[in-house]
Each structure stands twice: as structure tokens, then as C-alpha cells.
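Chemist: Below is the structure I would like to discuss, written out as C-alpha cells.
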Amino acid sequence: MWNRLQTRLFEPIDAASLVAFRVFFGVMASISALRFFYYDWIDRFFYERDVFFQFVGFEWLHPLPRPGMHLLFGALALLGLCIAAGLFYRLSTTLFVLGLTYVGLVDTTNYLNHYWFVRFVGFLMIFMPLGEFGSLDAWRRSSGSTTSRISAWSLWTLRGQAAVLYLSAGAAKLQWDWLMRGQPMEIWLSARTYMPVIGPWLALDWVPQAMSIAGAIFDLTIVFLLLDRRTRLWGYLAVVGFHGMTAWLFNIGMFPLIMIGLTTIFFEPDWPRRLAPRLVEAIGLPEPEYDERVPPNASRASDVVPTLNRRRAIAVGLGLWFVLQTALPLRHLAYPGDVNWTREGFQFAWRVKLVESSGFLKFRVRDADSDQTWVVHPNRYLDRRQIEVASVDPAKILQLAHHIAEDFRARGHGDVEVRADARVAMNGHPSKRLSDPDVDLADQPRTWGHADWILHCNPPARRTKGNGSGGRTGPHRPPWQSPLIESLSCRRHESASSPRHIGRAPRGLSRGESRLRRATGK
């Protein structure tokens, strides 16, 4: 088996498709960075906010002083062009990945799956010899390279990363809300019935569930369609149609275009040469020679035919990488409760567009020394976008509670307690309490482990028929989710004191309970 795997991974192939991918990746990276200037996101996300949410262990990261973030995004745009042109390829790719990763760690409010997917792909590209062909690096070397062969492991690695994303996204859709209720698809489509031509169709009752099922089937099968030469063209047309439709219906940024470009790596390695032979030759990609002899003036002979030790190192590295990529989407199984509710193990799991949540959040702060209490609304510290994200994410609720406690201590209050009143409506279900209102969050540590102060409420009950129960109700969830959802009571907390209110709910989030009831039709 190792011999067969070694043959497939390290056989020489035409570098044309990987060069095309490098150019596409670099151009998309540059455009993504420039969009932050165009939409004025740099000031809004990094200089107009007072609080930033970070992953556990990265609280020490902060935005660069003005105009540092502007310079950083300018550098990212330039590095993207360098990657596309193959200029100082490995250095440019490394700096781009480091810079983009820093941006993602400074504030997780704007976490997007496709940005982290780009980071992962960019990290893999650092180790690939994609700058050895059709690049300014090759032109700078006077000897150049007379071969356009490359070891196939680079191509299979990118295919594997795409497969992880699609299969993980498809597996995540195998849940009751998505398949049986057509949620949150129904919520999204109901807001787009005004669209010409298709608007009336989107309002039909069966359409959300049909589109949800079709989306799950697409994610679970598209990799296999692309890998099979007989169905590859039809599979790619499905990719273009699927991502084109999602780009039209939903505001999901660059993701559809990124996936349409990425999946070209499933075609034969010489597809650019067949499509535009003159252009390929013009950028310095001669016809590859597939004999066993490596040309004496090849720029990096070990990149064409890796040595035995290097093959072993590559195989071990790829094995560890894909073990990690498989474990990340599955790690939520180590936590109790529904991952869509608790958000524990939700990120880096490619759970794309699975949840539509609306939350109401406020904090009760108590000075244990004076017994004075305050009700603090999150708009005292957060902007509107941060409130929307933090109100439904327990990890961000905890971090904000810590920030509030530190703020009150800095104002001269000693022993400060912070408790959260958080209610969330998810996928059209009635709102339920998310956090235990009796727990002092200021005393709870931030860890990667399970937070036992999160209330795991049962989903709404449904009426069962023919079970001899006289129409009693049962849990509205599929059998395979039963072990994952704990039954904890959602306790109401009433205070006898009359606390002072600090800040108020933003205009769009005022009277949170009423807003949630309107959103869910309850």
C-alpha cells in the first residue's frame, strides 16, 4: 500500500495547473486585502472598537497603532501580487500567512470560515515548490529550468484540503433542523421573496427543505464527482452553479469565487496548457518531459523527484496535517450539548451557514463589598456587530464579563461579581436562556474545556402520534442527536434589588424578548 501511495504522491506531473492555482490564489489574496480599504473595514474593525475578542491564549494580541493596520493590509495586498507573480515566492507566502493570521487572531468578531481556509491553504503552499515554474523567481535565475514537472504531492494536498472542507460541511448538515425543518434556510429565503423571477418560488413551503437537502448532497458528493474523470466536468458545472447561486442569494463575500477557482485543481494537471497553450509557454512553462532523468539545469531537482528522506518527511507531515484537519471538525463530540448552541468546537469545523441565531444579552454587576448592583448593557463596550456576535456565543460572553469586571475594578470597586442574562433564539426556535444567571462569570476561567455554566436546553417539543401516549409531547430532535443534547432546566433569575442600568440596549436590539418572539413567530 505504501508503494502505491508513494507512486501517486511523488510521480512527476505537469506543473501548469498548480501555477494557475498560484496565480489565482495570489490575485484573490490581494483583492481580499484591498476590500478592507474599499469598505473602510480597517477603521471600523480595528480603530473604532474598544473591546476585542481573542481566542484563549491570544489575549495579548492587539491591533497595531494607527496607521499600522492600514500599512499591514497594504502589505498583504502587495504580497498577494508577489505570490501570483512568483516573486520571492516562499518569503511572500510566509509573510502573507503570518499577517493574515495575525489579523484573524486580533479580533475573532469577524471570524469567517473561508478566511481561515485561505490561511490553511497558504500555510501548505509555503512548503510547495510553486515558485519554481512560470514565475519571476525562475526568470531571475539566469539558468532557469527546462522542465515544468512537479511532484504530485502538492496537487493531492490541495485536493485533500478541499475534500476536508466539503465533506466536513456536508456531515455537519446531517442534523434535524437542516434536513427535516429546512432551517435556517427558510429564514434566509423568506427575506428574499422580493427578488425578481425566483422570489415567488422562494416563498413556497417545500423549497427551503429541498434546497437544504440538495446542499447536503452537494457537499457530500462533489469531491467524488470531481475525482472521477467521467463525471468531473458535470461536477465542476455543479460547483459553478452551486456557488454562483449562493453568491447571488446570500452575502458571503469571496467564498464562492474562491471555491470555484480552487476546485480547478481536480482537473488534469495540464488543463491550462490545453486551454491556452501559447499563454502557458509565454510565462515560461515548456512541455514537460517525463523521463526519469532530472534536467541538469533544473532549479530545484529535489522538488521534481524528492529524495527518499524527503519523501518520508513529506508523507509524515501530510499524515499529521490531515489527522489534525480531520480532528478539528470532530472535536465538538468531546463536549456535551449541541455544538450549534454551545459553540464549543464550532470554529475551524467548516460548519458553513448552519445557524441563524438572535440573542439578547445584559449583565448584572455586583460589588460584594457595598452590595451595590448595576445592570450593564453590552453597547457600553461593543459596537452593533460585536453585540450580534457576542450575544449568541458563550465564549465571547465570558470574555466580555471579564472585561466588565476589570473595568469596574479599575473604577475603584473591589470584589466585583458579573452575571449574564443571555437568551438566544436559534433556527426559528423560541428563545431560551443560554447561560446560568446564578454563576459569577468573573470567577470563571477561560479555557479550551467545557463551560458548565452554559445551559443546554432541550429543543421544542413536538406532538407524537400512535404511541399510546394520548398525544403527549416528545423531544423535537432526531435519534442520533439524543446523546449530544443534555436536558438542563433553564432557570429564571429574579433579583429583589433595584439595580442601576448602565448603558442601554441598542436601538436595533431593544426589548430583546419581544424582538426574539417576533423573529420566531412566537
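The chains in the C-alpha cells are called A, B, ... from first to last as shown; in each chain the residues are counted from 1, and the ligands are counted from 1 in the order shown.
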Near segment 237-249 of chain A, counting only C-alpha atoms, which residues have an atom at most 9 Å away, once you skip same-chain residues fewer than 6 positions from it, shown as a list in words?

Modeler: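 Skipping anything fewer than 6 positions along the chain leaves Trp188, Leu189, Arg192, Gly215, Phe218, Ile222, Phe255, Pro256, Leu257, Met259, Ile260 and Thr263 of chain A.
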
Chemist: Emit the selected residues as a PDB file, in the first residue's frame, including N, CA, C and O atoms.

Modeler:
```pdb
ATOM      1  N   TRP A 188     -33.691  32.529   5.820  1.00  0.00           N
ATOM      2  CA  TRP A 188     -32.951  33.312   4.831  1.00  0.00           C
ATOM      3  C   TRP A 188     -33.784  33.558   3.577  1.00  0.00           C
ATOM      4  O   TRP A 188     -33.822  34.667   3.054  1.00  0.00           O
ATOM      5  N   LEU A 189     -34.451  32.505   3.085  1.00  0.00           N
ATOM      6  CA  LEU A 189     -35.203  32.650   1.838  1.00  0.00           C
ATOM      7  C   LEU A 189     -36.420  33.532   2.014  1.00  0.00           C
ATOM      8  O   LEU A 189     -36.819  34.248   1.086  1.00  0.00           O
ATOM      9  N   ARG A 192     -35.944  36.988   1.082  1.00  0.00           N
ATOM     10  CA  ARG A 192     -35.539  37.265  -0.305  1.00  0.00           C
ATOM     11  C   ARG A 192     -36.657  36.987  -1.296  1.00  0.00           C
ATOM     12  O   ARG A 192     -36.405  36.797  -2.489  1.00  0.00           O
ATOM     13  N   GLY A 215     -28.201  20.937  -0.699  1.00  0.00           N
ATOM     14  CA  GLY A 215     -26.911  21.432  -0.236  1.00  0.00           C
ATOM     15  C   GLY A 215     -26.104  20.358   0.464  1.00  0.00           C
ATOM     16  O   GLY A 215     -24.890  20.253   0.270  1.00  0.00           O
ATOM     17  N   PHE A 218     -24.841  17.933  -2.182  1.00  0.00           N
ATOM     18  CA  PHE A 218     -23.735  18.541  -2.932  1.00  0.00           C
ATOM     19  C   PHE A 218     -22.433  18.426  -2.165  1.00  0.00           C
ATOM     20  O   PHE A 218     -21.413  17.973  -2.694  1.00  0.00           O
ATOM     21  N   ILE A 222     -19.633  16.069  -3.999  1.00  0.00           N
ATOM     22  CA  ILE A 222     -18.944  16.825  -5.038  1.00  0.00           C
ATOM     23  C   ILE A 222     -17.482  16.409  -5.181  1.00  0.00           C
ATOM     24  O   ILE A 222     -16.943  16.385  -6.294  1.00  0.00           O
ATOM     25  N   PHE A 255     -16.066  33.830  -0.729  1.00  0.00           N
ATOM     26  CA  PHE A 255     -16.038  32.366  -0.620  1.00  0.00           C
ATOM     27  C   PHE A 255     -16.456  31.651  -1.902  1.00  0.00           C
ATOM     28  O   PHE A 255     -15.775  30.711  -2.342  1.00  0.00           O
ATOM     29  N   PRO A 256     -17.583  32.025  -2.546  1.00  0.00           N
ATOM     30  CA  PRO A 256     -17.958  31.302  -3.771  1.00  0.00           C
ATOM     31  C   PRO A 256     -16.885  31.368  -4.853  1.00  0.00           C
ATOM     32  O   PRO A 256     -16.574  30.346  -5.489  1.00  0.00           O
ATOM     33  N   LEU A 257     -16.309  32.542  -5.061  1.00  0.00           N
ATOM     34  CA  LEU A 257     -15.286  32.682  -6.092  1.00  0.00           C
ATOM     35  C   LEU A 257     -14.039  31.886  -5.734  1.00  0.00           C
ATOM     36  O   LEU A 257     -13.401  31.270  -6.607  1.00  0.00           O
ATOM     37  N   MET A 259     -13.868  29.085  -4.012  1.00  0.00           N
ATOM     38  CA  MET A 259     -14.094  27.660  -4.221  1.00  0.00           C
ATOM     39  C   MET A 259     -14.201  27.321  -5.703  1.00  0.00           C
ATOM     40  O   MET A 259     -13.768  26.235  -6.126  1.00  0.00           O
ATOM     41  N   ILE A 260     -14.766  28.203  -6.505  1.00  0.00           N
ATOM     42  CA  ILE A 260     -14.827  27.958  -7.951  1.00  0.00           C
ATOM     43  C   ILE A 260     -13.418  27.885  -8.532  1.00  0.00           C
ATOM     44  O   ILE A 260     -13.115  27.046  -9.389  1.00  0.00           O
ATOM     45  N   THR A 263     -11.356  24.542  -7.015  1.00  0.00           N
ATOM     46  CA  THR A 263     -11.717  23.213  -7.498  1.00  0.00           C
ATOM     47  C   THR A 263     -11.192  22.909  -8.895  1.00  0.00           C
ATOM     48  O   THR A 263     -11.328  21.773  -9.364  1.00  0.00           O
TER      49      THR A 263
END
```

Chemist: Tell me, as a PyMOL selection string, which residues lie within 12 Å of Gln386 of chain A, counting only C-alpha atoms; anything in the same chain fewer than 3 positions away does not count.

Modeler: chain A and resi 44-45+48-53+107-111+359+361+378-383+389-393+396-397+400+506

Chemist: When you draw a straight line from atom CA of Asn113 of chain A to atom CA of Phe37 of chain A, how long is it in Å?

Modeler: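 Rounded to one decimal, the two atoms are 20.9 Å apart.
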
Chemist: I'd like the neighbourhood of Gly68 of chain A as JSON, numbers by chain, where a residue qualifies if any of its atoms comes within 12 Å (using only C-alpha atoms), though same-chain residues fewer than 2 positions away should be ignored.

Modeler: {"A": [42, 43, 46, 47, 62, 63, 64, 65, 66, 70, 71, 72, 73, 74, 75, 99, 103]}

Chemist: Any idea what's packed within 10 Å of Val439 of chain A, counting only C-alpha atoms, ignoring anything in its chain fewer than 5 positions away? Could you give it as JSON, numbers by chain?

Modeler: {"A": [417, 418, 419, 420, 444, 452, 453, 454]}

Chemist: For the selection you just gave me, I'd like the residues written to a file as a PDB file, in the first residue's frame, keeping N, CA, C and O atoms.

Modeler:
```
ATOM      1  N   GLU A 417     -18.626  41.005  41.074  1.00  0.00           N
ATOM      2  CA  GLU A 417     -19.250  39.815  40.516  1.00  0.00           C
ATOM      3  C   GLU A 417     -20.022  40.208  39.261  1.00  0.00           C
ATOM      4  O   GLU A 417     -20.678  41.253  39.230  1.00  0.00           O
ATOM      5  N   VAL A 418     -19.930  39.382  38.231  1.00  0.00           N
ATOM      6  CA  VAL A 418     -20.609  39.665  36.960  1.00  0.00           C
ATOM      7  C   VAL A 418     -21.413  38.434  36.556  1.00  0.00           C
ATOM      8  O   VAL A 418     -20.856  37.335  36.415  1.00  0.00           O
ATOM      9  N   ARG A 419     -22.703  38.625  36.392  1.00  0.00           N
ATOM     10  CA  ARG A 419     -23.579  37.543  35.945  1.00  0.00           C
ATOM     11  C   ARG A 419     -24.284  37.964  34.662  1.00  0.00           C
ATOM     12  O   ARG A 419     -24.600  39.135  34.492  1.00  0.00           O
ATOM     13  N   ALA A 420     -24.518  36.989  33.787  1.00  0.00           N
ATOM     14  CA  ALA A 420     -25.084  37.302  32.471  1.00  0.00           C
ATOM     15  C   ALA A 420     -26.521  36.809  32.366  1.00  0.00           C
ATOM     16  O   ALA A 420     -26.873  35.723  32.848  1.00  0.00           O
ATOM     17  N   GLN A 444     -15.034  32.700  36.504  1.00  0.00           N
ATOM     18  CA  GLN A 444     -14.890  31.531  35.638  1.00  0.00           C
ATOM     19  C   GLN A 444     -13.675  31.708  34.718  1.00  0.00           C
ATOM     20  O   GLN A 444     -13.550  32.728  34.043  1.00  0.00           O
ATOM     21  N   ASP A 452     -19.330  24.663  32.148  1.00  0.00           N
ATOM     22  CA  ASP A 452     -20.536  24.049  32.708  1.00  0.00           C
ATOM     23  C   ASP A 452     -21.608  25.061  33.078  1.00  0.00           C
ATOM     24  O   ASP A 452     -22.692  24.667  33.538  1.00  0.00           O
ATOM     25  N   TRP A 453     -21.336  26.351  32.894  1.00  0.00           N
ATOM     26  CA  TRP A 453     -22.363  27.358  33.158  1.00  0.00           C
ATOM     27  C   TRP A 453     -23.272  27.597  31.949  1.00  0.00           C
ATOM     28  O   TRP A 453     -24.238  28.362  32.029  1.00  0.00           O
ATOM     29  N   ILE A 454     -22.974  26.924  30.829  1.00  0.00           N
ATOM     30  CA  ILE A 454     -23.847  27.013  29.659  1.00  0.00           C
ATOM     31  C   ILE A 454     -25.034  26.084  29.873  1.00  0.00           C
ATOM     32  O   ILE A 454     -24.869  24.919  30.224  1.00  0.00           O
TER      33      ILE A 454
END
```

Chemist: Compile the contact shell of segment 209-214 of chain A as a list in words: residues with an atom at most 7 Å away, counting only C-alpha atoms, same-chain residues fewer than 6 positions apart removed.

Modeler: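 Result of the neighbour search: Trp178, Leu179, Met180, Arg181, Gly182 and Met185 of chain A.
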
Chemist: Now that the selection is made, can you save its residues with all heavy atoms as a compact mmCIF listing (two decimals), in the first residue's frame?

Modeler:
```
# COMPACT_ATOMS: atom_id res chain seq x y z
N TRP A 178 -31.63 21.15 9.82
CA TRP A 178 -31.27 21.38 8.42
C TRP A 178 -32.09 20.50 7.47
O TRP A 178 -32.65 20.98 6.48
CB TRP A 178 -29.79 21.14 8.22
CG TRP A 178 -29.31 21.46 6.84
CD1 TRP A 178 -29.27 20.63 5.77
CD2 TRP A 178 -28.84 22.73 6.36
NE1 TRP A 178 -28.80 21.29 4.66
CE2 TRP A 178 -28.52 22.58 5.00
CE3 TRP A 178 -28.64 23.97 6.98
CZ2 TRP A 178 -28.02 23.63 4.23
CZ3 TRP A 178 -28.14 25.02 6.21
CH2 TRP A 178 -27.84 24.85 4.86
N LEU A 179 -32.16 19.20 7.77
CA LEU A 179 -32.78 18.27 6.83
C LEU A 179 -34.30 18.20 6.96
O LEU A 179 -35.01 18.16 5.94
CB LEU A 179 -32.20 16.86 7.05
CG LEU A 179 -30.71 16.69 6.75
CD1 LEU A 179 -30.28 15.26 7.04
CD2 LEU A 179 -30.39 17.05 5.30
N MET A 180 -34.83 18.21 8.18
CA MET A 180 -36.25 17.97 8.39
C MET A 180 -37.06 19.25 8.53
O MET A 180 -38.26 19.25 8.21
CB MET A 180 -36.45 17.09 9.64
CG MET A 180 -35.66 15.79 9.62
SD MET A 180 -35.94 14.82 8.11
CE MET A 180 -37.67 14.43 8.27
N ARG A 181 -36.47 20.31 9.00
CA ARG A 181 -37.20 21.57 9.16
C ARG A 181 -36.82 22.60 8.10
O ARG A 181 -37.49 23.63 7.97
CB ARG A 181 -36.94 22.17 10.54
CG ARG A 181 -37.41 21.31 11.70
CD ARG A 181 -37.16 22.00 13.04
NE ARG A 181 -37.90 23.23 13.17
CZ ARG A 181 -37.35 24.42 13.36
NH1 ARG A 181 -36.03 24.54 13.44
NH2 ARG A 181 -38.08 25.50 13.47
N GLY A 182 -35.73 22.36 7.37
CA GLY A 182 -35.31 23.33 6.37
C GLY A 182 -34.87 24.64 6.98
O GLY A 182 -34.99 25.70 6.38
N MET A 185 -32.50 27.72 6.42
CA MET A 185 -32.73 28.11 5.03
C MET A 185 -34.05 28.87 4.87
O MET A 185 -34.14 29.85 4.13
CB MET A 185 -32.73 26.87 4.14
CG MET A 185 -32.79 27.17 2.65
SD MET A 185 -31.27 27.92 2.02
CE MET A 185 -30.15 26.52 2.12
```

Chemist: Find the distance between atom CA of Ile404 of chain A and atom CA of Trp116 of chain A and write it in Å to one decimal.

Modeler: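 Those two atoms sit 29.3 Å apart.
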
Chemist: Check segment 205-408 of chain A with DSSP on the backbone and list each residue it calls strand (DSSP E), as a list of chain:residue names.

Modeler: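 The strand (DSSP E) subset of segment 205-408 of chain A is A:Ser357, A:Ser358, A:Gly359, A:Phe360, A:Leu361, A:Lys362, A:Phe363, A:Arg364, A:Val365, A:Arg366, A:Asp367, A:Gln372, A:Thr373, A:Trp374, A:Val375, A:Val376.
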